[in-house]
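Participant: Have a look at the structure that comes next, please.
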Amino acid sequence: MKYALGMDIGGTRTKMGLVDLEKGTVVRKAVYSTEKEEAGFLEAALYHKNECIKEVKPEELLGIGAAASGYVHRGGRIDEGNSGFIPFFPSYPLEEKLGECLGMTCKVENDAAAGCLGEALYGAGKNYKRVLMLTLGTGVGVGFIRNGHIDDESSLIHLSGHIKVSGNPEEGGMRCYCGISGCLESVCSGTALEWKAAQAYGRPVSCKELFAQAEHNEEKAGKLAADYLNMLAAGLNQYIYIFAPDVIILGGGVAHALGGYTAVLQEQVTAKVHSRYKVLVTLSELKEEAGILGGASLVTVHSVHSSLRKSI
Ligand SMILES: [Zn+2]
């Protein structure tokens, strides 16, 4: 048996799991608050690592892979411009420190790329060569996996949620920190959709409630849902020309609320890179565990990739 630990580091919650790499299943899992100080962060990681690997023989455990927000430099150092929610993360050599603390091989990757890797290997993308994943949550994270590997350039792809999809100031919603008015993230993140719904209803409305109301033909919700799907489809049609994915997987809070609207989105995704081109729009299968499974598989995927890189 071959196991690896996967760690999905969020601003408020961290998930760690022991993954059976052959079956693609999470065998044991811990979800805990993300510590904001380095010492507490490492201490919590060590405690939960020991809990997760209790029943595993040391020779069966290959290492740990962690998914973190923002740009991750080669060697697993978090970029200095990281504006995430963990104060010590900018410029932090996470791969080195975490590996040292846990006493095992460690790999770190951007969370959107790692989540996509999890889906590509074990989830909704496992039968496809070119897998694109959008995580529609607080922001919009984008990952792309080709033939089961993260391309070197994937570390930058997570930012491609800032393509422009809306020229209408009324659809623009919140102004994005990227400086582009009407970028996909500013109009299609869960945060943006709930903000617009709150403006329309004068009270907080969750994505789930909004799409459920729209399915019951409630007029305001129907208009918001239709606008949202138009803008998301505009983004997906652009990604098709850039990545030519075989499958587009939607994850995050909005995706889990979409329900039957996934079929509507499929109809609106009309871009074609050649006459036989087909793309499936589908929902994440791994849901909350995509980052854990993708994180764990970094341990093996990266080693293959690094050896290829050396031989070029
Ligand atoms: Zn933006």
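By convention in this document, the chains of the structure tokens carry letters A, B, ... by their order, each chain's residues are numbered from 1, and ligands are numbered from 1 in the order they are shown.
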Residues within 7 Å of ligand 1, counting only C-alpha atoms and all ligand atoms: report them as a ChimeraX atom specification.

Facilitator: /A:161-162,176-180,183-186

Participant: Those residues you just picked out, can you put them in a file as a PDB file, in the first residue's frame with N, CA and C atoms?

Facilitator:
```
ATOM      1  N   GLY A 161      -8.592  33.787 -13.341  1.00  0.00           N
ATOM      2  CA  GLY A 161      -9.972  34.169 -13.044  1.00  0.00           C
ATOM      3  C   GLY A 161     -10.188  35.666 -13.233  1.00  0.00           C
ATOM      4  N   HIS A 162      -9.128  36.400 -13.595  1.00  0.00           N
ATOM      5  CA  HIS A 162      -9.271  37.844 -13.768  1.00  0.00           C
ATOM      6  C   HIS A 162      -9.455  38.251 -15.230  1.00  0.00           C
ATOM      7  N   CYS A 176     -12.843  44.793  -8.417  1.00  0.00           N
ATOM      8  CA  CYS A 176     -11.860  43.764  -8.061  1.00  0.00           C
ATOM      9  C   CYS A 176     -10.500  44.382  -7.751  1.00  0.00           C
ATOM     10  N   TYR A 177      -9.763  43.734  -6.869  1.00  0.00           N
ATOM     11  CA  TYR A 177      -8.412  44.203  -6.523  1.00  0.00           C
ATOM     12  C   TYR A 177      -7.437  44.128  -7.703  1.00  0.00           C
ATOM     13  N   CYS A 178      -7.812  43.357  -8.757  1.00  0.00           N
ATOM     14  CA  CYS A 178      -6.904  43.245  -9.910  1.00  0.00           C
ATOM     15  C   CYS A 178      -6.938  44.505 -10.764  1.00  0.00           C
ATOM     16  N   GLY A 179      -7.937  45.343 -10.576  1.00  0.00           N
ATOM     17  CA  GLY A 179      -8.021  46.590 -11.324  1.00  0.00           C
ATOM     18  C   GLY A 179      -8.924  46.499 -12.551  1.00  0.00           C
ATOM     19  N   ILE A 180      -9.343  45.293 -12.929  1.00  0.00           N
ATOM     20  CA  ILE A 180     -10.214  45.125 -14.096  1.00  0.00           C
ATOM     21  C   ILE A 180     -11.671  45.147 -13.633  1.00  0.00           C
ATOM     22  N   CYS A 183     -14.182  41.669 -14.225  1.00  0.00           N
ATOM     23  CA  CYS A 183     -13.431  40.417 -14.395  1.00  0.00           C
ATOM     24  C   CYS A 183     -14.273  39.271 -13.826  1.00  0.00           C
ATOM     25  N   LEU A 184     -13.955  38.051 -14.260  1.00  0.00           N
ATOM     26  CA  LEU A 184     -14.746  36.878 -13.863  1.00  0.00           C
ATOM     27  C   LEU A 184     -14.858  36.765 -12.337  1.00  0.00           C
ATOM     28  N   GLU A 185     -13.731  36.960 -11.658  1.00  0.00           N
ATOM     29  CA  GLU A 185     -13.765  36.819 -10.198  1.00  0.00           C
ATOM     30  C   GLU A 185     -14.706  37.839  -9.550  1.00  0.00           C
ATOM     31  N   SER A 186     -14.714  39.054 -10.100  1.00  0.00           N
ATOM     32  CA  SER A 186     -15.518  40.110  -9.471  1.00  0.00           C
ATOM     33  C   SER A 186     -17.013  39.921  -9.691  1.00  0.00           C
TER      34      SER A 186
END
```

Participant: Dump as CSV the rows for residues of segment 108-164 of chain A within 9 Å of segment 15-33 of chain A: closest atom pair and distance in Å with one decimal, only C-alpha atoms counted, ordered by chain and rising residue number.

Facilitator:
```
residue,atom,partner,partner_atom,distance
A:Gly118,CA,A:Gly24,CA,8.7
A:Leu121,CA,A:Gly24,CA,7.9
A:Tyr122,CA,A:Gly24,CA,5.6
A:Gly123,CA,A:Gly24,CA,8.7
```

Participant: Would you put the residues from that selection into a file with all heavy atoms, as a PDB file, in the first residue's frame?

Facilitator:
```pdb
ATOM      1  N   GLY A 118      -6.311  16.798  -8.015  1.00  0.00           N
ATOM      2  CA  GLY A 118      -7.122  15.798  -7.314  1.00  0.00           C
ATOM      3  C   GLY A 118      -8.276  15.319  -8.188  1.00  0.00           C
ATOM      4  O   GLY A 118      -8.491  14.116  -8.363  1.00  0.00           O
ATOM      5  N   LEU A 121      -7.037  13.214 -11.247  1.00  0.00           N
ATOM      6  CA  LEU A 121      -6.557  11.857 -10.963  1.00  0.00           C
ATOM      7  C   LEU A 121      -7.644  10.962 -10.377  1.00  0.00           C
ATOM      8  O   LEU A 121      -7.701   9.774 -10.665  1.00  0.00           O
ATOM      9  CB  LEU A 121      -5.369  11.918  -9.984  1.00  0.00           C
ATOM     10  CG  LEU A 121      -4.103  12.608 -10.502  1.00  0.00           C
ATOM     11  CD1 LEU A 121      -3.034  12.625  -9.418  1.00  0.00           C
ATOM     12  CD2 LEU A 121      -3.564  11.908 -11.745  1.00  0.00           C
ATOM     13  N   TYR A 122      -8.491  11.528  -9.534  1.00  0.00           N
ATOM     14  CA  TYR A 122      -9.415  10.682  -8.765  1.00  0.00           C
ATOM     15  C   TYR A 122     -10.888  11.078  -8.866  1.00  0.00           C
ATOM     16  O   TYR A 122     -11.743  10.396  -8.319  1.00  0.00           O
ATOM     17  CB  TYR A 122      -9.038  10.729  -7.278  1.00  0.00           C
ATOM     18  CG  TYR A 122      -7.623  10.304  -6.970  1.00  0.00           C
ATOM     19  CD1 TYR A 122      -6.718  11.176  -6.364  1.00  0.00           C
ATOM     20  CD2 TYR A 122      -7.194   9.014  -7.258  1.00  0.00           C
ATOM     21  CE1 TYR A 122      -5.421  10.778  -6.059  1.00  0.00           C
ATOM     22  CE2 TYR A 122      -5.900   8.607  -6.964  1.00  0.00           C
ATOM     23  CZ  TYR A 122      -5.024   9.491  -6.359  1.00  0.00           C
ATOM     24  OH  TYR A 122      -3.755   9.085  -6.075  1.00  0.00           O
ATOM     25  N   GLY A 123     -11.196  12.197  -9.494  1.00  0.00           N
ATOM     26  CA  GLY A 123     -12.575  12.700  -9.453  1.00  0.00           C
ATOM     27  C   GLY A 123     -13.201  12.837 -10.831  1.00  0.00           C
ATOM     28  O   GLY A 123     -13.042  11.980 -11.702  1.00  0.00           O
TER      29      GLY A 123
END
```

Participant: Measure the distance from atom CA of Ala225 of chain A to atom CA of Ala113 of chain A in Å and round it to one decimal.

Facilitator: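 Spanning atom CA of Ala225 of chain A to atom CA of Ala113 of chain A is a straight-line distance of 27.3 Å.
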
Participant: Skip Asn147 of chain A itself and residues of its chain fewer than 6 positions away, then list as a PyMOL selection string all residues within 12 Å of it, counting only C-alpha atoms.

Facilitator: chain A and resi 117+120-121+125-132+245-246+301+305

Participant: Take the residues that were just selected and, keeping N, CA, C and O atoms, output them as an mmCIF file, in the first residue's frame.

Facilitator:
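Final output, part_31.cif:
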```
data_model
loop_
_atom_site.group_PDB
_atom_site.id
_atom_site.type_symbol
_atom_site.label_atom_id
_atom_site.label_comp_id
_atom_site.auth_asym_id
_atom_site.auth_seq_id
_atom_site.Cartn_x
_atom_site.Cartn_y
_atom_site.Cartn_z
ATOM 1 N N LEU A 117 -5.700 18.907 -9.758
ATOM 2 C CA LEU A 117 -4.950 17.652 -9.851
ATOM 3 C C LEU A 117 -5.731 16.512 -9.183
ATOM 4 O O LEU A 117 -5.827 15.410 -9.719
ATOM 5 N N ALA A 120 -8.506 15.557 -11.439
ATOM 6 C CA ALA A 120 -7.998 14.935 -12.669
ATOM 7 C C ALA A 120 -7.583 13.481 -12.410
ATOM 8 O O ALA A 120 -7.755 12.628 -13.267
ATOM 9 N N LEU A 121 -7.037 13.214 -11.247
ATOM 10 C CA LEU A 121 -6.557 11.857 -10.963
ATOM 11 C C LEU A 121 -7.644 10.962 -10.377
ATOM 12 O O LEU A 121 -7.701 9.774 -10.665
ATOM 13 N N GLY A 125 -12.507 14.397 -13.372
ATOM 14 C CA GLY A 125 -11.651 14.533 -14.561
ATOM 15 C C GLY A 125 -10.833 13.301 -14.873
ATOM 16 O O GLY A 125 -9.979 13.334 -15.750
ATOM 17 N N LYS A 126 -11.132 12.194 -14.189
ATOM 18 C CA LYS A 126 -10.183 11.071 -14.291
ATOM 19 C C LYS A 126 -10.155 10.372 -15.653
ATOM 20 O O LYS A 126 -9.192 9.690 -15.950
ATOM 21 N N ASN A 127 -11.167 10.558 -16.471
ATOM 22 C CA ASN A 127 -11.139 9.921 -17.797
ATOM 23 C C ASN A 127 -10.759 10.902 -18.907
ATOM 24 O O ASN A 127 -10.980 10.623 -20.085
ATOM 25 N N TYR A 128 -10.215 12.034 -18.521
ATOM 26 C CA TYR A 128 -9.938 13.074 -19.516
ATOM 27 C C TYR A 128 -8.468 13.493 -19.494
ATOM 28 O O TYR A 128 -7.827 13.455 -18.451
ATOM 29 N N LYS A 129 -7.981 13.919 -20.668
ATOM 30 C CA LYS A 129 -6.571 14.333 -20.763
ATOM 31 C C LYS A 129 -6.365 15.782 -20.337
ATOM 32 O O LYS A 129 -5.384 16.125 -19.725
ATOM 33 N N ARG A 130 -7.286 16.642 -20.758
ATOM 34 C CA ARG A 130 -7.102 18.081 -20.496
ATOM 35 C C ARG A 130 -8.228 18.540 -19.568
ATOM 36 O O ARG A 130 -9.389 18.610 -19.974
ATOM 37 N N VAL A 131 -7.854 18.800 -18.354
ATOM 38 C CA VAL A 131 -8.847 19.074 -17.311
ATOM 39 C C VAL A 131 -8.697 20.506 -16.793
ATOM 40 O O VAL A 131 -7.625 20.898 -16.323
ATOM 41 N N LEU A 132 -9.768 21.259 -16.907
ATOM 42 C CA LEU A 132 -9.783 22.623 -16.372
ATOM 43 C C LEU A 132 -10.739 22.661 -15.191
ATOM 44 O O LEU A 132 -11.832 22.100 -15.269
ATOM 45 N N PRO A 245 -9.906 22.500 -23.041
ATOM 46 C CA PRO A 245 -10.120 21.392 -22.105
ATOM 47 C C PRO A 245 -11.104 20.356 -22.647
ATOM 48 O O PRO A 245 -11.972 20.686 -23.455
ATOM 49 N N ASP A 246 -10.952 19.094 -22.219
ATOM 50 C CA ASP A 246 -11.937 18.051 -22.539
ATOM 51 C C ASP A 246 -13.078 18.096 -21.529
ATOM 52 O O ASP A 246 -14.185 17.664 -21.808
ATOM 53 N N VAL A 301 3.343 12.945 -8.206
ATOM 54 C CA VAL A 301 3.284 13.634 -9.499
ATOM 55 C C VAL A 301 4.486 14.554 -9.684
ATOM 56 O O VAL A 301 5.122 14.577 -10.722
ATOM 57 N N HIS A 305 7.546 14.709 -12.516
ATOM 58 C CA HIS A 305 7.687 15.934 -13.271
ATOM 59 C C HIS A 305 9.093 16.520 -13.117
ATOM 60 O O HIS A 305 9.698 16.971 -14.070
#
```

Participant: Per DSSP on the backbone, filter segment 176-217 of chain A down to the residues in helix (DSSP H, G or I) and report them as an MDAnalysis selection string.

Facilitator: chainID A and resid 184:188 190:201 207:215

Participant: When you count only C-alpha atoms, which of these residues is closest to Ile163 of chain A: A:Leu136, A:Met104, A:Leu232, A:Ala212?

Facilitator: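 Going through A:Leu136, A:Met104, A:Leu232, A:Ala212 one by one, the smallest distance to Ile163 of chain A is for A:Leu232.
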
Participant: Please compute the atom CA of Thr270 of chain A-atom CA of Ile242 of chain A distance, one decimal, in Å.

Facilitator: 14.2 Å

Participant: Tell me which protein, DNA and RNA residues are within 9 Å of Leu42 of chain A, counting only C-alpha atoms, leaving out same-chain ones fewer than 4 positions away, and put them as a VMD selection string.

Facilitator: chain A and resid 35 37 to 38 46 to 47 97 to 98 101 to 102

Participant: For segment 60-77 of chain A, find every residue with an atom within 9 Å (counting only C-alpha atoms), except residues of its own chain fewer than 5 positions away, and show them as a PyMOL selection string.

Facilitator: chain A and resi 1-11+16+53+82-84+89-96+98-99+102-115+152+155-156+158-159+291-292+294-300

Participant: Please produce a file of those selected residues containing N, CA and C atoms, as a compact mmCIF listing (two decimals), in the first residue's frame.

Facilitator:
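selection_32.txt was written with the following content:
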```
# COMPACT_ATOMS: atom_id res chain seq x y z
N MET A 1 0.84 -1.20 0.00
CA MET A 1 0.00 0.00 0.00
C MET A 1 0.88 1.25 0.00
N LYS A 2 0.43 2.27 -0.72
CA LYS A 2 1.16 3.54 -0.73
C LYS A 2 0.22 4.64 -0.24
N TYR A 3 0.71 5.37 0.74
CA TYR A 3 -0.08 6.46 1.29
C TYR A 3 0.71 7.76 1.21
N ALA A 4 -0.02 8.87 1.22
CA ALA A 4 0.60 10.18 1.40
C ALA A 4 -0.39 11.04 2.16
N LEU A 5 0.13 12.05 2.82
CA LEU A 5 -0.75 12.99 3.50
C LEU A 5 -1.04 14.15 2.56
N GLY A 6 -2.26 14.63 2.61
CA GLY A 6 -2.62 15.81 1.85
C GLY A 6 -3.08 16.88 2.82
N MET A 7 -2.69 18.13 2.54
CA MET A 7 -3.04 19.22 3.45
C MET A 7 -3.60 20.37 2.62
N ASP A 8 -4.76 20.85 2.97
CA ASP A 8 -5.40 21.94 2.25
C ASP A 8 -5.52 23.12 3.23
N ILE A 9 -4.64 24.10 3.04
CA ILE A 9 -4.53 25.19 4.02
C ILE A 9 -5.46 26.34 3.62
N GLY A 10 -6.49 26.56 4.39
CA GLY A 10 -7.41 27.66 4.11
C GLY A 10 -7.17 28.81 5.08
N GLY A 11 -7.78 29.94 4.81
CA GLY A 11 -7.61 31.11 5.67
C GLY A 11 -8.11 30.87 7.08
N MET A 16 -6.49 18.14 6.76
CA MET A 16 -5.39 17.22 6.52
C MET A 16 -5.97 15.82 6.42
N ILE A 53 -1.60 9.31 10.75
CA ILE A 53 -0.78 8.19 10.24
C ILE A 53 -0.65 7.04 11.25
N ASN A 82 1.98 37.55 -1.23
CA ASN A 82 0.79 36.80 -0.79
C ASN A 82 -0.07 37.64 0.13
N SER A 83 -1.32 37.81 -0.29
CA SER A 83 -2.18 38.66 0.53
C SER A 83 -3.24 37.80 1.22
N GLY A 84 -2.90 36.54 1.46
CA GLY A 84 -3.85 35.63 2.08
C GLY A 84 -4.13 36.01 3.53
N PHE A 89 2.83 34.07 6.03
CA PHE A 89 3.00 33.36 4.77
C PHE A 89 3.83 34.10 3.69
N PRO A 90 3.74 35.43 3.55
CA PRO A 90 4.52 36.06 2.48
C PRO A 90 6.01 35.72 2.61
N SER A 91 6.58 35.20 1.52
CA SER A 91 8.00 34.79 1.44
C SER A 91 8.34 33.56 2.27
N TYR A 92 7.36 32.89 2.83
CA TYR A 92 7.64 31.77 3.74
C TYR A 92 8.03 30.50 2.98
N PRO A 93 9.16 29.88 3.36
CA PRO A 93 9.57 28.63 2.67
C PRO A 93 8.78 27.44 3.22
N LEU A 94 7.52 27.36 2.86
CA LEU A 94 6.59 26.40 3.47
C LEU A 94 7.04 24.95 3.26
N GLU A 95 7.50 24.64 2.06
CA GLU A 95 7.88 23.26 1.76
C GLU A 95 9.02 22.80 2.68
N GLU A 96 10.00 23.67 2.83
CA GLU A 96 11.17 23.34 3.65
C GLU A 96 10.79 23.22 5.14
N LEU A 98 7.78 22.89 6.63
CA LEU A 98 6.80 21.85 6.94
C LEU A 98 7.46 20.47 6.86
N GLY A 99 8.27 20.27 5.84
CA GLY A 99 8.97 18.99 5.68
C GLY A 99 9.90 18.71 6.86
N LEU A 102 7.76 17.97 10.04
CA LEU A 102 7.05 16.68 10.03
C LEU A 102 7.99 15.50 9.75
N GLY A 103 9.22 15.81 9.37
CA GLY A 103 10.21 14.76 9.13
C GLY A 103 9.89 13.91 7.91
N MET A 104 9.40 14.55 6.87
CA MET A 104 9.09 13.78 5.66
C MET A 104 9.18 14.68 4.41
N THR A 105 9.24 14.03 3.25
CA THR A 105 9.23 14.76 1.98
C THR A 105 7.99 15.64 1.92
N CYS A 106 8.17 16.87 1.49
CA CYS A 106 7.03 17.79 1.41
C CYS A 106 7.01 18.49 0.06
N LYS A 107 5.83 18.64 -0.52
CA LYS A 107 5.66 19.39 -1.76
C LYS A 107 4.52 20.38 -1.55
N VAL A 108 4.68 21.58 -2.11
CA VAL A 108 3.63 22.61 -1.96
C VAL A 108 3.23 23.11 -3.34
N GLU A 109 1.95 23.34 -3.53
CA GLU A 109 1.45 23.86 -4.80
C GLU A 109 0.29 24.80 -4.52
N ASN A 110 0.01 25.66 -5.47
CA ASN A 110 -1.16 26.54 -5.37
C ASN A 110 -2.43 25.68 -5.20
N ASP A 111 -3.37 26.16 -4.40
CA ASP A 111 -4.54 25.33 -4.08
C ASP A 111 -5.47 25.06 -5.26
N ALA A 112 -5.58 26.02 -6.18
CA ALA A 112 -6.44 25.78 -7.35
C ALA A 112 -5.82 24.70 -8.24
N ALA A 113 -4.51 24.72 -8.38
CA ALA A 113 -3.81 23.71 -9.18
C ALA A 113 -3.91 22.34 -8.50
N ALA A 114 -3.74 22.32 -7.18
CA ALA A 114 -3.78 21.04 -6.45
C ALA A 114 -5.19 20.45 -6.48
N GLY A 115 -6.20 21.28 -6.31
CA GLY A 115 -7.59 20.79 -6.36
C GLY A 115 -7.90 20.19 -7.72
N ASP A 152 4.55 23.38 -15.58
CA ASP A 152 5.28 24.39 -14.82
C ASP A 152 4.48 25.68 -14.70
N SER A 155 1.39 27.21 -12.06
CA SER A 155 1.47 28.05 -10.86
C SER A 155 0.94 29.45 -11.13
N LEU A 156 0.89 29.82 -12.41
CA LEU A 156 0.38 31.15 -12.74
C LEU A 156 -1.08 31.11 -13.17
N HIS A 158 -3.63 29.94 -11.83
CA HIS A 158 -4.64 30.18 -10.80
C HIS A 158 -5.18 31.59 -10.84
N LEU A 159 -4.41 32.52 -11.45
CA LEU A 159 -4.84 33.92 -11.50
C LEU A 159 -5.72 34.24 -12.71
N GLY A 291 -8.71 19.21 -2.46
CA GLY A 291 -7.40 19.74 -2.07
C GLY A 291 -6.56 18.72 -1.33
N ILE A 292 -7.20 17.89 -0.51
CA ILE A 292 -6.46 16.85 0.22
C ILE A 292 -5.91 15.81 -0.76
N GLY A 294 -5.55 16.07 -4.06
CA GLY A 294 -4.58 16.68 -4.97
C GLY A 294 -3.27 16.96 -4.25
N GLY A 295 -3.37 17.44 -3.03
CA GLY A 295 -2.16 17.72 -2.23
C GLY A 295 -1.34 16.45 -2.06
N ALA A 296 -1.99 15.38 -1.63
CA ALA A 296 -1.28 14.11 -1.40
C ALA A 296 -0.62 13.62 -2.68
N SER A 297 -1.30 13.77 -3.81
CA SER A 297 -0.72 13.22 -5.04
C SER A 297 0.43 14.07 -5.57
N LEU A 298 0.63 15.27 -5.05
CA LEU A 298 1.80 16.08 -5.44
C LEU A 298 3.10 15.33 -5.15
N VAL A 299 3.05 14.50 -4.11
CA VAL A 299 4.25 13.79 -3.67
C VAL A 299 4.77 12.88 -4.79
N THR A 300 3.85 12.25 -5.53
CA THR A 300 4.30 11.38 -6.61
C THR A 300 4.34 12.12 -7.94
```

Participant: Which one of A:Ser160, A:Ser189, A:Thr12, A:Gln238 sits closest to Thr135 of chain A if you count only C-alpha atoms?

Facilitator: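 That would be A:Ser189, the residue with the smallest distance to Thr135 of chain A.
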
Participant: Where in segment 44-223 of chain A does DSSP assign strand (DSSP E or B), given as a count of residues only?

Facilitator: 36

Participant: Kindly give the distance, in Å, that separates atom CA of Tyr239 of chain A and atom CA of Gly137 of chain A, rounded to a single decimal.

Facilitator: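 If I compute the distance from atom CA of Tyr239 of chain A to atom CA of Gly137 of chain A, I get 18.4 Å.
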
Participant: Considering only C-alpha atoms, state which residue in the set A:Val142, A:Ala124, A:Ala200, A:Cys188 is at the smallest distance from Ala233 of chain A.

Facilitator: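 Checking each candidate against Ala233 of chain A, we get A:Cys188 as the closest.
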
Participant: Just want the 10 Å neighbourhood of Val187 of chain A, counted on only C-alpha atoms, with same-chain residues fewer than 5 positions away dropped. Output as a PyMOL selection string.

Facilitator: chain A and resi 139-140+164-166+171-176+181-182+192-193+195-196+227-228+231-232

Participant: Between A:Arg146, A:Leu293, A:Ile249, A:Tyr241, which has the minimum distance to Tyr277 of chain A (counting only C-alpha atoms)?

Facilitator: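 Nearest candidate to Tyr277 of chain A out of A:Arg146, A:Leu293, A:Ile249, A:Tyr241: A:Tyr241.
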
Participant: Which residues, written as an MDAnalysis selection string, have at least one atom at most 6 Å from segment 250-267 of chain A, with only C-alpha atoms counted and residues fewer than 2 positions away on the same chain left out?

Facilitator: chainID A and resid 133:137 190 207:208 269 281 283:284
